[in-house]
Amino acid sequence: MAKGIDIKKLCDLTKLEIPEQHIPEIARKVEEVLLMFDKLDEFNTEGSKIPGIEDLKFEISFEDLRADKPRPNLELSKEPQFEFRLKNLKDGYILGPRI
Amino acid sequence: MKSLFEMPAFVVSRKIKEQEITSEEYLSTIIDRIKQVDLRINSFISHDFENALSKSRVIDKKIKDGVETGLMAGLPIGIKDNISVNGLKNTCASRMLAEYVSPYNATVIDKIEEQDGIIIGKLNMDEFGMGTTSEYSSFGPVRNPWNLEYVTGGSSGGSAAAVASLQIPLSLGSDTGGSIRCPSSFCSVIGIKPTYGTVSRNGLISYSNSLEQIGPIARTIYDLVPLLNIISGYDPNDNTTLHRKYEYQTKNVDNILNKKYKIGVLDDLIDNSEIEVTKNIRKIIKQLEGYGCEIDSAKIHLSDYALASYYIIATAEASSNLSRFDNVRYGYQGSPEGYEWNSYFSEARSKFGDEVKLRILLGSYVLSAGYFGKYYAKAQKLRSMIKREFDLLFDKYDVLLLPTMPVLPFKLGKKTSQPTEHYNLDIYTILANLAGIPAISIPAGMSESGLPVGVQLLANAFGEQQLIDMAVLLENAEGFEKWIPKI
């Protein structure tokens with residue numbers, strides 16, 4: 001179930017870097033937890049459903065919810081509270097990873 | 001005579017308002033205490049002493065000038081390091097956020113500051129709230145004030161240990177699967193996880209949005225209730241919050257006894273605990289019986305499946321929530337020169353600790369296309385069935401009683417290699433998070449080796465008042481607010 005190759009694929013999907021030598025240990029732990037999750041196989045949930053939006057009680061209707069209030073960003077706010085510490089500068093440009 | 005730091009917050013608050021002492025005097029005593037004690041406990045990640053002292057002077061001036069002050073005037077409060085405080089580092093005990101300074105206040109912080117409370121520092125925890133011992137912190141483990149070789153419980157271990165060791169009278173923690181109640185039990189303080197939707201989560205760094213709540217920790221229920229009143233209520237920045245219908249109160253014992261509480265005792269769970277835990281919980285049941293409460297045996301049939309359900313939902317939500325930490329929007333100082341995008345993100349995300357990485361991997365696995373129905377959908381169905389089972393139980397009982405933790409605090413480093421052994425410790429606390437109901441941990445005595453035991457009480461949604469009533473009864477019977485660790 002949680003063989004080394006699956007872990008590598010998962011690491012790739014989740015953008016996690018795990019050193020090769022730690023993969024067997026992580027695989028063991030993932031397998032152990034998935035075995036615990038398999039406990040749910042013993043239980044029949046047929047006929048039960050996940051509560052939908054119709055099951056929820058709303059104190060305030062959707063129409064009355066607060067509209068998004070954009071907050072001023074740090075550059076535009078009247079009294080900037082932070083000093084920008086741009087360390088990764090080269091020739092006046094901010095460095096970024098290659099695309 | 002008691003030192004100032006030994007006094008409950010409500011006593012100090014009165015003294016400050018009546019100008020018997022100044023807030024600055026009190027804060028200086030608290031700062032000295034922290035400097036003296038925390039080297040051994042490691043409950044704080046960062047302090048804000050200078051700012052706290054200047055705020056205390058402002059409050060003293062307000063009082064002197066006869067200006068009305070808030071309910072928390074001059075009282076120092078510690079904040080778990082996953083709750084945003086403007087201008088302070090908000091690390092979540094992770095190397096990933098070691099340099100991150102919050103640019104805004106969480107709603108709970110605004111509410112505390114509106115009442116003239118003083119934020120004194122940020123408290124240690126398991127990284128991103130993922131753990132039951134407060135050992136998974138990048139800033140070192142928190143040590144239990146009752147025995148420095150033992151764990152405090154987690155993930156709000158710093159919040160509970162700082163209160164128990166008389167460094168601060170009050171703190172805030174967050175509870176995703178018992179993170180307030182577990183350390184409260186292991187450190188012998190009171191901690192409450194309010195009903196989901198009672199306290200705003202705006203400004204709390206999310207681990208599992210559908211499970212977590214912010215809640216207060218204190219040494220006495222008389223300190224805890226005012227703080228709970230302050231932080232709860234509707235917040236337009238968190239649409240899951242509700243308008244509170246009433247103020248929570250600490251009633252007198254006679255008023256509480258008039259209610260004739262019906263208590264469902266979860267015998268199975270009590271008997272499956274360590275023997276010293278069982279013994280102390282049985283003693284508490286006798287005390288409540290002596291108060292005239294009606295005691296009956298109750299059972300939660302689905303508790304065996306709750307752990308799997310909880311960890312599937314929690315890891316799934318964690319994998320989604322933690323995907324934002326890519327060192328572009330949030331992260332640490334590191335040069336991206338020479339990196340390609342994907343390898344830069346992977347390298348940056350390697351700063352997460354092992355437990356966080358494990359939970360992200362598990363969450364991605366259970367949400368992946370082939371396994372969604374097998375794990376996540378089934379876990380959600382089970383969750384709604386657990387909620388229905390609680391609804392039926394609360395038709396019969398006012399509150400349910402069980403141990404907070406099945407074990408006594410254990411030695412640091414003892415339970416870290418087997419993840420499921422670790423996860424099994426949460427079995428009694430996760431029930432309240434899955435059902436979204438309130439739960440409180442109250443000190444319930446000491447083992448023969450001098451380690452604390454906690455009793456947990458659950459009530460139906462928005463039944464915090466019933467839990468407070470129970471805490472008042474037990475505090476009056478036990479006098480646990482006087483139990484103080486020798487450090």
# chains A, B, ... in the order shown; residues from 1 in each chain; ligands from 1
>>> interface_residues(of="chain B", to="chain A", cutoff="8 Å", atoms="only C-alpha atoms", output="PDB file with N, CA and C atoms, in the first residue's frame")
ATOM      1  N   PRO B 236     -17.528  39.339  12.126  1.00  0.00           N
ATOM      2  CA  PRO B 236     -17.778  39.373  10.674  1.00  0.00           C
ATOM      3  C   PRO B 236     -16.637  38.799   9.849  1.00  0.00           C
ATOM      4  N   ASN B 239     -17.224  33.763   9.357  1.00  0.00           N
ATOM      5  CA  ASN B 239     -18.658  33.528   9.178  1.00  0.00           C
ATOM      6  C   ASN B 239     -19.160  32.247   9.832  1.00  0.00           C
ATOM      7  N   LEU B 242     -21.141  32.671  15.823  1.00  0.00           N
ATOM      8  CA  LEU B 242     -22.548  32.957  16.127  1.00  0.00           C
ATOM      9  C   LEU B 242     -22.655  34.036  17.195  1.00  0.00           C
ATOM     10  N   TYR B 305     -14.458   4.030  16.404  1.00  0.00           N
ATOM     11  CA  TYR B 305     -14.168   4.443  15.020  1.00  0.00           C
ATOM     12  C   TYR B 305     -13.790   5.926  14.927  1.00  0.00           C
ATOM     13  N   ALA B 308      -9.990   6.998  13.807  1.00  0.00           N
ATOM     14  CA  ALA B 308      -9.691   6.933  12.367  1.00  0.00           C
ATOM     15  C   ALA B 308     -10.380   8.090  11.654  1.00  0.00           C
ATOM     16  N   SER B 309     -11.643   8.304  11.994  1.00  0.00           N
ATOM     17  CA  SER B 309     -12.414   9.373  11.362  1.00  0.00           C
ATOM     18  C   SER B 309     -11.736  10.727  11.595  1.00  0.00           C
ATOM     19  N   TYR B 311      -8.541  11.445  12.410  1.00  0.00           N
ATOM     20  CA  TYR B 311      -7.233  11.650  11.778  1.00  0.00           C
ATOM     21  C   TYR B 311      -7.333  11.746  10.259  1.00  0.00           C
ATOM     22  N   ILE B 312      -8.342  11.120   9.670  1.00  0.00           N
ATOM     23  CA  ILE B 312      -8.538  11.280   8.220  1.00  0.00           C
ATOM     24  C   ILE B 312      -8.938  12.729   7.919  1.00  0.00           C
ATOM     25  N   SER B 319      -3.338  19.008   4.972  1.00  0.00           N
ATOM     26  CA  SER B 319      -2.584  18.993   3.707  1.00  0.00           C
ATOM     27  C   SER B 319      -3.013  20.160   2.829  1.00  0.00           C
ATOM     28  N   SER B 323      -0.523  23.902   2.386  1.00  0.00           N
ATOM     29  CA  SER B 323       0.035  24.062   1.038  1.00  0.00           C
ATOM     30  C   SER B 323       0.413  25.522   0.766  1.00  0.00           C
ATOM     31  N   GLN B 333      13.794  33.603   5.595  1.00  0.00           N
ATOM     32  CA  GLN B 333      14.732  34.258   4.687  1.00  0.00           C
ATOM     33  C   GLN B 333      15.635  33.214   4.049  1.00  0.00           C
ATOM     34  N   GLY B 334      15.615  33.129   2.745  1.00  0.00           N
ATOM     35  CA  GLY B 334      16.500  32.181   2.059  1.00  0.00           C
ATOM     36  C   GLY B 334      16.620  32.602   0.610  1.00  0.00           C
ATOM     37  N   SER B 335      17.808  32.511   0.075  1.00  0.00           N
ATOM     38  CA  SER B 335      17.987  32.989  -1.289  1.00  0.00           C
ATOM     39  C   SER B 335      17.461  31.981  -2.310  1.00  0.00           C
ATOM     40  N   PRO B 336      16.655  32.444  -3.270  1.00  0.00           N
ATOM     41  CA  PRO B 336      16.143  31.530  -4.287  1.00  0.00           C
ATOM     42  C   PRO B 336      17.073  31.422  -5.499  1.00  0.00           C
ATOM     43  N   GLU B 337      18.222  32.113  -5.425  1.00  0.00           N
ATOM     44  CA  GLU B 337      19.098  32.143  -6.593  1.00  0.00           C
ATOM     45  C   GLU B 337      19.575  30.742  -6.952  1.00  0.00           C
ATOM     46  N   GLY B 338      19.467  30.428  -8.232  1.00  0.00           N
ATOM     47  CA  GLY B 338      19.955  29.139  -8.719  1.00  0.00           C
ATOM     48  C   GLY B 338      18.927  28.029  -8.641  1.00  0.00           C
ATOM     49  N   TYR B 339      17.767  28.297  -8.027  1.00  0.00           N
ATOM     50  CA  TYR B 339      16.731  27.265  -7.909  1.00  0.00           C
ATOM     51  C   TYR B 339      15.736  27.351  -9.063  1.00  0.00           C
ATOM     52  N   GLU B 340      15.144  26.205  -9.398  1.00  0.00           N
ATOM     53  CA  GLU B 340      13.988  26.165 -10.296  1.00  0.00           C
ATOM     54  C   GLU B 340      12.763  26.166  -9.358  1.00  0.00           C
ATOM     55  N   TRP B 341      11.584  26.658  -9.816  1.00  0.00           N
ATOM     56  CA  TRP B 341      10.428  26.861  -8.939  1.00  0.00           C
ATOM     57  C   TRP B 341      10.123  25.641  -8.065  1.00  0.00           C
ATOM     58  N   ASN B 342       9.920  24.487  -8.736  1.00  0.00           N
ATOM     59  CA  ASN B 342       9.484  23.313  -7.980  1.00  0.00           C
ATOM     60  C   ASN B 342      10.507  22.899  -6.936  1.00  0.00           C
ATOM     61  N   TYR B 344      12.666  24.793  -5.557  1.00  0.00           N
ATOM     62  CA  TYR B 344      12.713  25.833  -4.517  1.00  0.00           C
ATOM     63  C   TYR B 344      11.626  25.587  -3.465  1.00  0.00           C
ATOM     64  N   PHE B 345      10.405  25.308  -3.957  1.00  0.00           N
ATOM     65  CA  PHE B 345       9.306  25.037  -3.018  1.00  0.00           C
ATOM     66  C   PHE B 345       9.608  23.809  -2.160  1.00  0.00           C
ATOM     67  N   SER B 346      10.090  22.753  -2.838  1.00  0.00           N
ATOM     68  CA  SER B 346      10.365  21.514  -2.097  1.00  0.00           C
ATOM     69  C   SER B 346      11.443  21.743  -1.055  1.00  0.00           C
ATOM     70  N   GLU B 347      12.465  22.466  -1.430  1.00  0.00           N
ATOM     71  CA  GLU B 347      13.557  22.761  -0.502  1.00  0.00           C
ATOM     72  C   GLU B 347      13.018  23.593   0.675  1.00  0.00           C
ATOM     73  N   ARG B 349       9.937  23.779   1.758  1.00  0.00           N
ATOM     74  CA  ARG B 349       8.995  23.012   2.578  1.00  0.00           C
ATOM     75  C   ARG B 349       9.686  21.902   3.376  1.00  0.00           C
ATOM     76  N   SER B 350      10.971  21.669   3.095  1.00  0.00           N
ATOM     77  CA  SER B 350      11.698  20.684   3.901  1.00  0.00           C
ATOM     78  C   SER B 350      11.935  21.210   5.312  1.00  0.00           C
ATOM     79  N   LYS B 357       5.266  16.776   8.120  1.00  0.00           N
ATOM     80  CA  LYS B 357       5.414  16.159   6.791  1.00  0.00           C
ATOM     81  C   LYS B 357       4.564  14.891   6.706  1.00  0.00           C
ATOM     82  N   LEU B 358       4.605  14.084   7.766  1.00  0.00           N
ATOM     83  CA  LEU B 358       3.832  12.833   7.765  1.00  0.00           C
ATOM     84  C   LEU B 358       2.345  13.125   7.578  1.00  0.00           C
ATOM     85  N   ILE B 360       0.938  15.804   6.255  1.00  0.00           N
ATOM     86  CA  ILE B 360       0.662  16.344   4.919  1.00  0.00           C
ATOM     87  C   ILE B 360       0.576  15.178   3.914  1.00  0.00           C
ATOM     88  N   LEU B 361       1.506  14.228   4.031  1.00  0.00           N
ATOM     89  CA  LEU B 361       1.501  13.078   3.119  1.00  0.00           C
ATOM     90  C   LEU B 361       0.215  12.259   3.292  1.00  0.00           C
ATOM     91  N   LEU B 362      -0.145  12.018   4.552  1.00  0.00           N
ATOM     92  CA  LEU B 362      -1.366  11.234   4.816  1.00  0.00           C
ATOM     93  C   LEU B 362      -2.599  11.946   4.266  1.00  0.00           C
ATOM     94  N   SER B 364      -2.786  14.092   1.815  1.00  0.00           N
ATOM     95  CA  SER B 364      -2.827  14.044   0.352  1.00  0.00           C
ATOM     96  C   SER B 364      -3.259  12.662  -0.113  1.00  0.00           C
ATOM     97  N   TYR B 365      -2.809  11.646   0.619  1.00  0.00           N
ATOM     98  CA  TYR B 365      -3.157  10.272   0.240  1.00  0.00           C
ATOM     99  C   TYR B 365      -4.666  10.033   0.368  1.00  0.00           C
ATOM    100  N   LYS B 374     -13.141   5.875   0.022  1.00  0.00           N
ATOM    101  CA  LYS B 374     -12.755   4.895   1.052  1.00  0.00           C
ATOM    102  C   LYS B 374     -12.432   5.579   2.377  1.00  0.00           C
ATOM    103  N   TYR B 375     -11.776   6.730   2.306  1.00  0.00           N
ATOM    104  CA  TYR B 375     -11.337   7.378   3.541  1.00  0.00           C
ATOM    105  C   TYR B 375     -12.162   8.630   3.882  1.00  0.00           C
ATOM    106  N   ALA B 377     -14.724  10.499   2.519  1.00  0.00           N
ATOM    107  CA  ALA B 377     -16.197  10.533   2.510  1.00  0.00           C
ATOM    108  C   ALA B 377     -16.748   9.693   3.655  1.00  0.00           C
ATOM    109  N   LYS B 378     -16.110   8.531   3.888  1.00  0.00           N
ATOM    110  CA  LYS B 378     -16.580   7.652   4.959  1.00  0.00           C
ATOM    111  C   LYS B 378     -16.359   8.300   6.334  1.00  0.00           C
ATOM    112  N   ALA B 379     -15.222   8.956   6.485  1.00  0.00           N
ATOM    113  CA  ALA B 379     -14.920   9.623   7.764  1.00  0.00           C
ATOM    114  C   ALA B 379     -15.947  10.720   8.046  1.00  0.00           C
ATOM    115  N   GLN B 380     -16.338  11.454   7.003  1.00  0.00           N
ATOM    116  CA  GLN B 380     -17.332  12.525   7.196  1.00  0.00           C
ATOM    117  C   GLN B 380     -18.700  11.949   7.560  1.00  0.00           C
ATOM    118  N   LYS B 381     -19.051  10.809   6.944  1.00  0.00           N
ATOM    119  CA  LYS B 381     -20.336  10.175   7.287  1.00  0.00           C
ATOM    120  C   LYS B 381     -20.315   9.740   8.747  1.00  0.00           C
ATOM    121  N   LEU B 382     -19.192   9.133   9.144  1.00  0.00           N
ATOM    122  CA  LEU B 382     -19.089   8.670  10.520  1.00  0.00           C
ATOM    123  C   LEU B 382     -19.169   9.850  11.489  1.00  0.00           C
ATOM    124  N   SER B 384     -20.860  12.585  11.117  1.00  0.00           N
ATOM    125  CA  SER B 384     -22.249  13.026  11.311  1.00  0.00           C
ATOM    126  C   SER B 384     -23.016  12.012  12.170  1.00  0.00           C
ATOM    127  N   MET B 385     -22.625  10.730  12.080  1.00  0.00           N
ATOM    128  CA  MET B 385     -23.293   9.723  12.936  1.00  0.00           C
ATOM    129  C   MET B 385     -22.895   9.912  14.402  1.00  0.00           C
ATOM    130  N   GLN B 418       6.355   5.642  17.389  1.00  0.00           N
ATOM    131  CA  GLN B 418       5.171   4.986  16.818  1.00  0.00           C
ATOM    132  C   GLN B 418       4.040   6.004  16.678  1.00  0.00           C
ATOM    133  N   PRO B 419       3.713   6.440  15.459  1.00  0.00           N
ATOM    134  CA  PRO B 419       2.670   7.473  15.351  1.00  0.00           C
ATOM    135  C   PRO B 419       1.316   7.052  15.924  1.00  0.00           C
ATOM    136  N   THR B 420       0.910   5.790  15.707  1.00  0.00           N
ATOM    137  CA  THR B 420      -0.438   5.420  16.165  1.00  0.00           C
ATOM    138  C   THR B 420      -0.519   5.341  17.687  1.00  0.00           C
TER     139      THR B 420
END
>>> residues_around(residues="B:Tyr136", least_positions_apart="2", cutoff="7 Å", atoms="only C-alpha atoms", output="MDAnalysis selection string")
chainID B and resid 126:127 131 134 138 141
>>> write_last_selection(atoms="C-alpha atoms", output="short mmCIF file (atom, residue, chain, number, x, y, z; two decimals), in the first residue's frame")
data_model
loop_
_atom_site.label_atom_id
_atom_site.label_comp_id
_atom_site.auth_asym_id
_atom_site.auth_seq_id
_atom_site.Cartn_x
_atom_site.Cartn_y
_atom_site.Cartn_z
CA ASP B 126 3.73 21.32 18.91
CA GLU B 127 4.61 22.46 15.40
CA GLY B 131 1.09 16.61 18.53
CA SER B 134 4.55 19.55 22.96
CA SER B 138 11.36 23.52 16.75
CA PRO B 141 10.02 20.54 24.23
#
>>> residues_around(residues="B:Ile487", least_positions_apart="5", cutoff="10 Å", atoms="only C-alpha atoms", output="list in words")
Gln36, Val37, Arg40, Ile41, Pro145, Trp146, Asn147, Leu148, Ser165 and Leu166 of chain B
>>> write_last_selection(atoms="all heavy atoms", output="mmCIF file, in the first residue's frame")
data_model
loop_
_atom_site.group_PDB
_atom_site.id
_atom_site.type_symbol
_atom_site.label_atom_id
_atom_site.label_comp_id
_atom_site.auth_asym_id
_atom_site.auth_seq_id
_atom_site.Cartn_x
_atom_site.Cartn_y
_atom_site.Cartn_z
ATOM 1 N N GLN B 36 12.767 33.889 35.918
ATOM 2 C CA GLN B 36 13.291 32.958 36.907
ATOM 3 C C GLN B 36 12.916 31.505 36.571
ATOM 4 O O GLN B 36 13.721 30.597 36.724
ATOM 5 C CB GLN B 36 12.696 33.361 38.266
ATOM 6 C CG GLN B 36 13.255 32.654 39.452
ATOM 7 C CD GLN B 36 12.356 32.858 40.674
ATOM 8 O OE1 GLN B 36 11.419 33.669 40.670
ATOM 9 N NE2 GLN B 36 12.636 32.116 41.717
ATOM 10 N N VAL B 37 11.695 31.306 36.087
ATOM 11 C CA VAL B 37 11.157 29.943 35.963
ATOM 12 C C VAL B 37 11.254 29.360 34.559
ATOM 13 O O VAL B 37 11.497 28.165 34.380
ATOM 14 C CB VAL B 37 9.661 29.948 36.423
ATOM 15 C CG1 VAL B 37 8.959 28.653 36.077
ATOM 16 C CG2 VAL B 37 9.576 30.219 37.906
ATOM 17 N N ARG B 40 13.614 26.693 32.843
ATOM 18 C CA ARG B 40 13.435 25.265 33.101
ATOM 19 C C ARG B 40 12.211 24.681 32.394
ATOM 20 O O ARG B 40 12.153 23.500 32.107
ATOM 21 C CB ARG B 40 13.323 25.017 34.611
ATOM 22 C CG ARG B 40 14.677 25.008 35.284
ATOM 23 C CD ARG B 40 14.550 25.090 36.776
ATOM 24 N NE ARG B 40 14.248 26.454 37.212
ATOM 25 C CZ ARG B 40 13.877 26.786 38.428
ATOM 26 N NH1 ARG B 40 13.741 25.860 39.336
ATOM 27 N NH2 ARG B 40 13.636 28.039 38.730
ATOM 28 N N ILE B 41 11.201 25.516 32.144
ATOM 29 C CA ILE B 41 9.943 25.001 31.567
ATOM 30 C C ILE B 41 9.935 25.104 30.043
ATOM 31 O O ILE B 41 9.382 24.260 29.357
ATOM 32 C CB ILE B 41 8.726 25.794 32.134
ATOM 33 C CG1 ILE B 41 8.738 25.791 33.669
ATOM 34 C CG2 ILE B 41 7.419 25.252 31.581
ATOM 35 C CD1 ILE B 41 8.267 24.547 34.324
ATOM 36 N N PRO B 145 5.620 21.363 34.684
ATOM 37 C CA PRO B 145 6.028 21.991 35.954
ATOM 38 C C PRO B 145 5.945 21.041 37.155
ATOM 39 O O PRO B 145 6.618 21.262 38.155
ATOM 40 C CB PRO B 145 5.018 23.128 36.136
ATOM 41 C CG PRO B 145 4.376 23.321 34.823
ATOM 42 C CD PRO B 145 4.483 22.041 34.063
ATOM 43 N N TRP B 146 5.139 19.978 37.045
ATOM 44 C CA TRP B 146 5.001 19.045 38.170
ATOM 45 C C TRP B 146 6.168 18.069 38.239
ATOM 46 O O TRP B 146 6.439 17.487 39.285
ATOM 47 C CB TRP B 146 3.671 18.285 38.079
ATOM 48 C CG TRP B 146 2.515 19.206 38.267
ATOM 49 C CD1 TRP B 146 1.827 19.872 37.294
ATOM 50 C CD2 TRP B 146 1.940 19.620 39.503
ATOM 51 N NE1 TRP B 146 0.859 20.659 37.844
ATOM 52 C CE2 TRP B 146 0.896 20.518 39.214
ATOM 53 C CE3 TRP B 146 2.196 19.308 40.845
ATOM 54 C CZ2 TRP B 146 0.116 21.115 40.193
ATOM 55 C CZ3 TRP B 146 1.409 19.898 41.833
ATOM 56 C CH2 TRP B 146 0.388 20.794 41.497
ATOM 57 N N ASN B 147 6.811 17.841 37.112
ATOM 58 C CA ASN B 147 8.020 17.029 37.060
ATOM 59 C C ASN B 147 8.703 17.341 35.732
ATOM 60 O O ASN B 147 8.168 17.037 34.666
ATOM 61 C CB ASN B 147 7.696 15.539 37.152
ATOM 62 C CG ASN B 147 8.964 14.706 37.268
ATOM 63 O OD1 ASN B 147 10.008 15.063 36.729
ATOM 64 N ND2 ASN B 147 8.878 13.602 37.991
ATOM 65 N N LEU B 148 9.862 17.971 35.830
ATOM 66 C CA LEU B 148 10.483 18.533 34.627
ATOM 67 C C LEU B 148 10.942 17.482 33.623
ATOM 68 O O LEU B 148 11.283 17.810 32.493
ATOM 69 C CB LEU B 148 11.668 19.427 35.018
ATOM 70 C CG LEU B 148 11.301 20.652 35.868
ATOM 71 C CD1 LEU B 148 12.546 21.408 36.288
ATOM 72 C CD2 LEU B 148 10.357 21.583 35.120
ATOM 73 N N SER B 165 2.727 26.918 36.178
ATOM 74 C CA SER B 165 3.948 27.274 36.912
ATOM 75 C C SER B 165 3.916 28.720 37.412
ATOM 76 O O SER B 165 4.956 29.278 37.769
ATOM 77 C CB SER B 165 5.177 27.052 36.023
ATOM 78 O OG SER B 165 5.055 27.784 34.818
ATOM 79 N N LEU B 166 2.736 29.305 37.448
ATOM 80 C CA LEU B 166 2.501 30.645 38.001
ATOM 81 C C LEU B 166 3.296 31.736 37.289
ATOM 82 O O LEU B 166 3.666 32.741 37.887
ATOM 83 C CB LEU B 166 2.811 30.698 39.502
ATOM 84 C CG LEU B 166 2.196 29.643 40.409
ATOM 85 C CD1 LEU B 166 2.624 29.881 41.850
ATOM 86 C CD2 LEU B 166 0.691 29.641 40.324
#
>>> atom_distance(atom1="atom CA of B:Gly74", atom2="atom CA of B:Ala471")
25.7 Å
>>> residues_around(residues="B:Gly203", least_positions_apart="6", cutoff="8 Å", atoms="only C-alpha atoms", output="tab-separated table (two decimals) with C-alpha atoms, in the first residue's frame")
chain	number	residue	atom	x	y	z
B	83	ILE	CA	-2.60	33.02	17.09
B	84	SER	CA	-1.64	36.25	15.30
B	104	TYR	CA	-2.47	42.05	12.08
B	105	ASN	CA	-4.23	40.95	15.26
B	106	ALA	CA	-6.45	37.89	15.49
B	107	THR	CA	-9.98	38.90	16.50
>>> atom_distance(atom1="atom CA of B:Leu75", atom2="atom CA of B:Gln167")
12.1 Å
>>> residues_around(residues="B:Leu27", least_positions_apart="4", cutoff="10 Å", atoms="only C-alpha atoms", output="ChimeraX atom specification")
/B:4-5,22-23,31-33,49,52-53,56-57,74-76,118,120,168
>>> closest_residue(among="B:Asn255, B:Asn272, B:Asn51, B:Gln466", to="B:Tyr397", atoms="only C-alpha atoms")
B:Gln466
>>> closest_residue(among="B:Glu114, B:Lys61, B:Leu224, B:Glu99", to="B:Ala9", atoms="only C-alpha atoms")
B:Leu224
>>> closest_residue(among="B:Ile440, B:Val142, B:Ala164, B:Ile112", to="B:Lys486", atoms="only C-alpha atoms")
B:Ala164
>>> residues_around(residues="stretch 259-271 of chain B", least_positions_apart="3", cutoff="6 Å", atoms="only C-alpha atoms", output="list in words")
Ile256, Thr278, Cys293, Glu294, Ile295, Asp296, Ser297, Ala298, Lys299, Tyr397, Asp398, Val399, Leu400, Leu401 and Leu402 of chain B
>>> atom_distance(atom1="atom CA of B:Ile190", atom2="atom CA of B:Val472")
11.1 Å
>>> closest_residue(among="B:Leu71, B:Leu302, B:Leu474, B:Ile109", to="B:Glu389", atoms="only C-alpha atoms")
B:Leu302
>>> select_by_dssp(residues="stretch 74-253 of chain B", states="helix (DSSP H, G or I)", output="tab-separated table (two decimals) with C-alpha atoms, in the first residue's frame")
chain	number	residue	atom	x	y	z
B	95	ARG	CA	11.35	26.62	11.37
B	96	MET	CA	9.20	27.35	8.33
B	97	LEU	CA	7.76	30.47	10.00
B	107	THR	CA	-9.98	38.90	16.50
B	108	VAL	CA	-9.49	37.36	19.96
B	109	ILE	CA	-6.44	39.60	20.49
B	110	ASP	CA	-8.39	42.72	19.49
B	111	LYS	CA	-11.11	41.73	21.94
B	112	ILE	CA	-8.60	41.21	24.78
B	113	GLU	CA	-6.86	44.52	24.07
B	114	GLU	CA	-10.22	46.33	23.94
B	127	GLU	CA	4.61	22.46	15.40
B	128	PHE	CA	1.40	23.77	13.76
B	129	GLY	CA	-0.57	22.17	16.61
B	157	GLY	CA	1.72	22.73	26.18
B	158	GLY	CA	3.29	26.16	26.63
B	159	SER	CA	-0.11	27.72	27.38
B	160	ALA	CA	-0.89	25.20	30.13
B	161	ALA	CA	2.64	24.98	31.60
B	162	ALA	CA	3.04	28.76	31.84
B	163	VAL	CA	-0.24	29.03	33.79
B	164	ALA	CA	0.47	26.00	36.00
B	181	ARG	CA	-7.68	19.86	27.33
B	182	CYS	CA	-4.76	17.41	27.17
B	183	PRO	CA	-2.10	19.84	28.50
B	184	SER	CA	-4.63	21.26	30.98
B	185	SER	CA	-5.05	17.75	32.36
B	186	PHE	CA	-1.30	16.98	32.41
B	187	CYS	CA	-0.49	20.33	34.10
B	221	ILE	CA	-12.82	28.81	36.86
B	222	TYR	CA	-13.32	32.34	38.24
B	223	ASP	CA	-10.47	33.54	36.00
B	224	LEU	CA	-11.44	31.45	33.01
B	225	VAL	CA	-15.06	32.62	32.65
B	226	PRO	CA	-14.40	36.38	32.17
B	227	LEU	CA	-11.81	35.59	29.47
B	228	LEU	CA	-14.23	33.22	27.74
B	229	ASN	CA	-16.91	35.95	27.80
B	230	ILE	CA	-14.47	38.43	26.24
B	231	ILE	CA	-13.25	36.27	23.36
B	253	VAL	CA	-23.08	26.39	44.57
>>> closest_residue(among="B:His301, B:Lys245, B:Lys283, B:Lys15", to="B:Val453", atoms="only C-alpha atoms")
B:Lys283
